[in-house]
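The next block holds one structure in the form of C-alpha cells; read it before the comments.
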Amino acid sequence: MIWLVDYTHYEKEIDKELLECKRDYFRIKSYKRYNIIGKTAPVKTKVYSTGLLRIATLLSRSGIEVRYLHYYMLEELLEQGATPPEVVAFSCVCPTVPMCAELAERIKSLSPGTKVLLGGVHVNVAEEETRLRYPIFDRLIVGYELEAAEKIAGRRLNNQGEGYVDYSLLPYHISDYAINTFTNMGCPFSCKYCVDGLAPHFTASENGQLDRLKQLLPSRNLVHFFDSVLGYSKEGIARVCRAIESCNHDLILSCDMRADILTPELVRALYKAGFREIRLGMESSNEELLSGNGRTLSFSTFRGQLELIRESSDMYVTLYTITGLPGTTPTIQQATLEECDRLFSLGLVDEIKNALYVPYPMKNVNYAERGIQITSTDWRGYDRQSYPVYRTPEMSEDELWRMYIDTARTINNSWLKSIGYSRFTDVPEIPDYYSEYVEAKYMKK
C-alpha cells in the first residue's frame with residue numbers, strides 16, 4: 001500500500017486588508033463572469049494535483065494498491081491512530097514543504113519503518129536546497145509521469161502506453177472538484193520569474209482527456225487548461241483545438257496562453273473548440289523592466305493582441321500581472337496601473353489578476369545578481385499573497401507590501417468603474433459563484 005498525499009493546495013491565512021481586497025475582487029469577478037460567460041456550475045473549493053493523480057493511475061495500473069489523500073485526510077488518520085503504510089509520498093508546492101516535513105516527523109514517530117517521499121514542482125526545480133533544508137524525507141522524487149511513479153514504487157513499472165487518468169482514485173467525485181487539465185508540460189519561453197521554462201517538455205494528451213471528462217462532468221462545467229502555452233506553438237494550438245472540438249463536448253473551457261503567438265485564425269479556432277475564457281500574462285507596461293526579467297513580449301505588441309482577440313471573438317479575457325519584479329519602482333508601477341485602467345476603460349480586458357513576485361528557491365539561480373536580497377528563509381511565506389520574503393535596491397519589504405496592497409485596491413477600483421458602479425456594495429451579488437470560494441480559501445490574519 002502507498003499513500004499519495006496532495007499538499008499542493010491549502011487554506012491561506014492572509015492580512016485583513018488584503019482579505020477585503022479579495023472580497024471586492026471576487027464580487028466583481030462573479031458579476032462580470034456571470035454576465036459574459038453565463039451561469040455555470042458553482043465554483044468549487046476542492047482542487048486536486050493533476051500530476052499526483054497521473055502518478056496514482058500509473059501505480060494502480062501496475063497492480064500497486066494506492067490511496068489518494070488530501071493533506072487534511074492524512075492529519076485525520078494520524079489523529080485517529082492509523083498505522084501508516086510502507087510508503088507515504090507527498091506532492092507539494094514551495095509553501096507547503098515545511099508542513100509536509102512536519103507530517104513526515106509525525107509519520108516517522110508512529111511508524112519508523114515507513115518511507116516518506118516528497119515530490120512536486122518545487123522539488124523538481126530545487127532538489128538540492130530541499131534536501132539540505134529538510135533531511136527528514138527518505139527520498140525526493142524528481143521527474144514526471146512514469147519516471148516519478150517508478151521512483152515512488154521503488155521498481156520499474158510496465159508502461160502499457162495507456163494515457164487515461166483514473167479519476168475514481170480521487171477521494172471525492174470528480175464533479176466536486178475545480179477541474180484543471182493540460183495538453184503539454186513545459187514552456188518554450190524562459191522568463192526569469194517563472195519555473196515553467198525549467199520543466200521538460202512532453203505532450204500529455206492532445207485533448208486534455210476531455211473525451212473522458214465530458215462523460216464524468218455535468219453540462220457547462222468549467223474546465224481550465226493550465227498549459228503554460230496551450231499547444232506549445234501556433235501549429236500545436238491548431239492541433240489541440242481540432243482534437244478538443246472533435247470531443248463534441250458541452251463544457252466551458254478556459255486556458256492560459258501566450259499573447260504574441262495568437263492569430264485571428266487561432267482565436268477563432270479556440271472559440272470554436274469551446275474556449276470562453278483566455279488568460280494572458282503581461283507583468284508590467286515598462287519595456288525595460290520586462291526585458292530585464294527575460295520577457296520578450298512588449299506591452300505595445302501585447303495591447304495589439306488584445307485588440308485582435310476582441311475583433312475575433314467575445315471570449316472573457318483575464319490578464320495576469322505581477323507586483324514587485326526586480327527593478328520595479330513606484331513610478332513604474334503607477335504607469336502600469338494607468339495602463340490597466342486604460343485597458344478596462346477600452347474594454348480590452350474583463351479581469352486583471354495581480355500577484356506578488358516571489359523569488360522561489362531554484363537551482364542555478366543567483367538572485368543577488370538580479371539585485372534581490374532574500375530576507376526570509378521560511379518557505380511558508382513563499383507564495384504570492386504573503387508578506388515579501390525579499391527586498392530590492394529600489395524598495396524595502398514594507399514598501400513592496402504596500403505597493404502590492406495599493407495595486408490590488410487600484411485595480412479593483414478601475415474594474416468597478418469599468419462596469420458602471422461607484423461602490424462595491426452596489427455590485428449585484430451572484431449566489432454560489434465566488435463568495436463561498438473566498439471564505440473557504442482565505443482566513444483573516
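Please note that chains go A, B, ... in the order of the C-alpha cells, that every chain numbers its residues from 1, and that ligands are numbered from 1 in the order shown.
Within 12 Å of Asn248 in chain A, once only C-alpha atoms are used and residues closer than 6 positions along the same chain are dropped, the contacting residues are Asn207, Leu210, Asp211, Arg212, Leu213, Lys214, Gln215, Ser219, Cys241, Arg242, Lys272, Ala273 and Gly274 of chain A.
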**Message:** Give me, as a PyMOL selection string, the residues of range 71-117 of chain A that a backbone DSSP run labels strand (DSSP E or B).
**Reply:** chain A and resi 87-92+115-117
**Message:** Residues near range 377-389 of chain A, anyone? I mean within 6 Å using only C-alpha atoms, not counting same-chain ones fewer than 6 positions away, as an NGL selection string.
**Reply:** :A and (95 or 355-356 or 397)
**Asked** Do you know which residues are at most 12 Å from range 11-20 of chain A counting only C-alpha atoms, after dropping those on the same chain fewer than 6 positions away, and could you put them as a VMD selection string?
**Response** chain A and resid 26 to 27 45 to 47 71 to 72 95 to 96 354 to 356 380 to 387 401 to 409 412 424 437 to 445
Please produce a file of those selected residues containing N, CA and C atoms, as a tab-separated table (two decimals), in the first residue's frame.
```tsv
chain	number	residue	atom	x	y	z
A	26	PHE	N	-13.53	39.34	-5.89
A	26	PHE	CA	-14.37	38.21	-6.29
A	26	PHE	C	-15.84	38.61	-6.44
A	27	ARG	N	-16.26	39.69	-5.80
A	27	ARG	CA	-17.62	40.16	-6.01
A	27	ARG	C	-17.79	40.66	-7.44
A	45	THR	N	-14.35	24.54	-4.35
A	45	THR	CA	-13.22	24.82	-3.47
A	45	THR	C	-12.24	23.65	-3.42
A	46	LYS	N	-12.67	22.47	-3.84
A	46	LYS	CA	-11.78	21.31	-3.85
A	46	LYS	C	-10.94	21.31	-5.13
A	47	VAL	N	-9.64	21.14	-4.98
A	47	VAL	CA	-8.72	21.10	-6.12
A	47	VAL	C	-7.79	19.91	-5.94
A	71	TYR	N	-4.29	16.50	2.25
A	71	TYR	CA	-3.47	16.59	3.47
A	71	TYR	C	-4.30	16.51	4.75
A	72	TYR	N	-5.50	17.10	4.74
A	72	TYR	CA	-6.31	17.08	5.96
A	72	TYR	C	-6.84	15.68	6.25
A	95	PRO	N	5.41	26.66	-0.44
A	95	PRO	CA	4.96	26.99	0.91
A	95	PRO	C	4.54	25.79	1.75
A	96	THR	N	4.24	24.66	1.11
A	96	THR	CA	3.78	23.50	1.89
A	96	THR	C	4.89	22.51	2.20
A	354	ASN	N	-3.82	40.17	-10.07
A	354	ASN	CA	-2.48	40.59	-9.67
A	354	ASN	C	-1.92	39.69	-8.57
A	355	ALA	N	-0.63	39.44	-8.61
A	355	ALA	CA	0.04	38.65	-7.58
A	355	ALA	C	1.37	39.32	-7.23
A	356	LEU	N	1.91	38.94	-6.08
A	356	LEU	CA	3.19	39.48	-5.63
A	356	LEU	C	4.32	38.58	-6.13
A	380	ARG	N	7.08	28.92	4.22
A	380	ARG	CA	5.63	29.11	4.35
A	380	ARG	C	5.18	30.45	3.74
A	381	GLY	N	6.08	31.40	3.73
A	381	GLY	CA	5.76	32.71	3.17
A	381	GLY	C	6.10	32.86	1.71
A	382	TYR	N	6.54	31.77	1.07
A	382	TYR	CA	6.93	31.83	-0.33
A	382	TYR	C	5.72	31.58	-1.23
A	383	ASP	N	4.71	32.41	-1.08
A	383	ASP	CA	3.59	32.39	-2.01
A	383	ASP	C	3.28	33.83	-2.42
A	384	ARG	N	2.34	34.00	-3.29
A	384	ARG	CA	2.15	35.31	-3.92
A	384	ARG	C	1.16	36.19	-3.19
A	385	GLN	N	0.83	35.80	-1.93
A	385	GLN	CA	-0.09	36.64	-1.15
A	385	GLN	C	0.39	36.82	0.28
A	386	SER	N	1.67	36.54	0.52
A	386	SER	CA	2.27	36.73	1.84
A	386	SER	C	3.18	37.95	1.82
A	387	TYR	N	3.54	38.40	3.01
A	387	TYR	CA	4.48	39.50	3.14
A	387	TYR	C	5.76	39.14	2.40
A	401	TRP	N	5.23	45.50	0.05
A	401	TRP	CA	3.92	45.04	0.53
A	401	TRP	C	2.86	46.11	0.33
A	402	ARG	N	3.21	47.37	0.68
A	402	ARG	CA	2.25	48.46	0.49
A	402	ARG	C	1.92	48.63	-0.99
A	403	MET	N	2.92	48.48	-1.85
A	403	MET	CA	2.67	48.57	-3.29
A	403	MET	C	1.71	47.47	-3.74
A	404	TYR	N	1.88	46.27	-3.21
A	404	TYR	CA	1.02	45.15	-3.57
A	404	TYR	C	-0.43	45.41	-3.15
A	405	ILE	N	-0.64	45.86	-1.92
A	405	ILE	CA	-2.00	46.16	-1.43
A	405	ILE	C	-2.60	47.29	-2.24
A	406	ASP	N	-1.84	48.35	-2.46
A	406	ASP	CA	-2.35	49.50	-3.21
A	406	ASP	C	-2.67	49.11	-4.65
A	407	THR	N	-1.86	48.23	-5.23
A	407	THR	CA	-2.13	47.76	-6.59
A	407	THR	C	-3.45	46.99	-6.65
A	408	ALA	N	-3.66	46.09	-5.68
A	408	ALA	CA	-4.90	45.32	-5.64
A	408	ALA	C	-6.11	46.25	-5.53
A	409	ARG	N	-6.01	47.23	-4.68
A	409	ARG	CA	-7.13	48.16	-4.49
A	409	ARG	C	-7.36	49.02	-5.73
A	412	ASN	N	-8.98	47.00	-8.49
A	412	ASN	CA	-10.40	46.81	-8.16
A	412	ASN	C	-11.22	48.04	-8.48
A	424	PHE	N	-18.56	49.07	-4.22
A	424	PHE	CA	-18.53	47.61	-4.35
A	424	PHE	C	-19.82	46.98	-3.87
A	437	TYR	N	-16.14	30.47	-2.23
A	437	TYR	CA	-14.73	30.21	-2.55
A	437	TYR	C	-13.83	31.09	-1.69
A	438	VAL	N	-14.16	32.37	-1.59
A	438	VAL	CA	-13.33	33.29	-0.82
A	438	VAL	C	-13.28	32.88	0.64
A	439	GLU	N	-14.44	32.59	1.22
A	439	GLU	CA	-14.48	32.26	2.63
A	439	GLU	C	-13.80	30.92	2.91
A	440	ALA	N	-13.83	29.99	1.96
A	440	ALA	CA	-13.21	28.69	2.18
A	440	ALA	C	-11.69	28.73	1.99
A	441	LYS	N	-11.23	29.60	1.11
A	441	LYS	CA	-9.80	29.60	0.76
A	441	LYS	C	-8.99	30.52	1.66
A	442	TYR	N	-9.57	31.64	2.08
A	442	TYR	CA	-8.80	32.64	2.82
A	442	TYR	C	-9.32	32.81	4.24
A	443	MET	N	-8.41	33.06	5.15
A	443	MET	CA	-8.76	33.34	6.54
A	443	MET	C	-8.19	34.70	6.93
A	444	LYS	N	-8.86	35.38	7.84
A	444	LYS	CA	-8.38	36.68	8.32
A	444	LYS	C	-7.21	36.49	9.28
A	445	LYS	N	-6.21	37.30	9.16
A	445	LYS	CA	-5.00	37.19	9.97
A	445	LYS	C	-4.98	38.29	11.01
```
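Coordinates place CA of Arg423 in chain A at a distance of 13.8 Å from CA of Ile411 in chain A.
The smallest atom-to-atom distance between Arg268 in chain A and any of A:Ser254, A:Glu147, A:Ser228, A:Ser312, using only C-alpha atoms, is found for A:Ser312.
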**Request:** Could you check how far CA of Tyr360 in chain A sits from CA of Ser291 in chain A, in Å to one decimal?
**Result:** 19.7 Å
**Message:** Can you tell me which residues surround range 124-141 of chain A at a distance of at most 7 Å, considering only C-alpha atoms, apart from same-chain residues fewer than 6 positions away, and format the answer as JSON, numbers by chain?
**Reply:** {"A": [101, 104, 115, 116, 117, 118, 148, 151, 361, 362, 363]}
Would you save the residues of that selection, restricted to C-alpha atoms, as a PDB file, in the first residue's frame?
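File written: out_24.pdb
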```pdb
ATOM      1  CA  ALA A 101       8.098  17.889   6.788  1.00  0.00           C
ATOM      2  CA  ALA A 104       6.748  13.360   7.940  1.00  0.00           C
ATOM      3  CA  LYS A 115       9.487   5.560   3.797  1.00  0.00           C
ATOM      4  CA  VAL A 116       8.398   9.186   3.426  1.00  0.00           C
ATOM      5  CA  LEU A 117       8.927  10.752  -0.007  1.00  0.00           C
ATOM      6  CA  LEU A 118       8.474  14.282  -1.339  1.00  0.00           C
ATOM      7  CA  ALA A 148       8.221   9.709 -10.809  1.00  0.00           C
ATOM      8  CA  LYS A 151      10.759   6.212  -8.028  1.00  0.00           C
ATOM      9  CA  PRO A 361      14.319  28.765  -4.425  1.00  0.00           C
ATOM     10  CA  MET A 362      15.518  27.398  -7.761  1.00  0.00           C
ATOM     11  CA  LYS A 363      18.679  25.602  -8.724  1.00  0.00           C
TER      12      LYS A 363
END
```
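For the pair CA of Val223 in chain A and CA of Leu253 in chain A, the separation is 5.0 Å.
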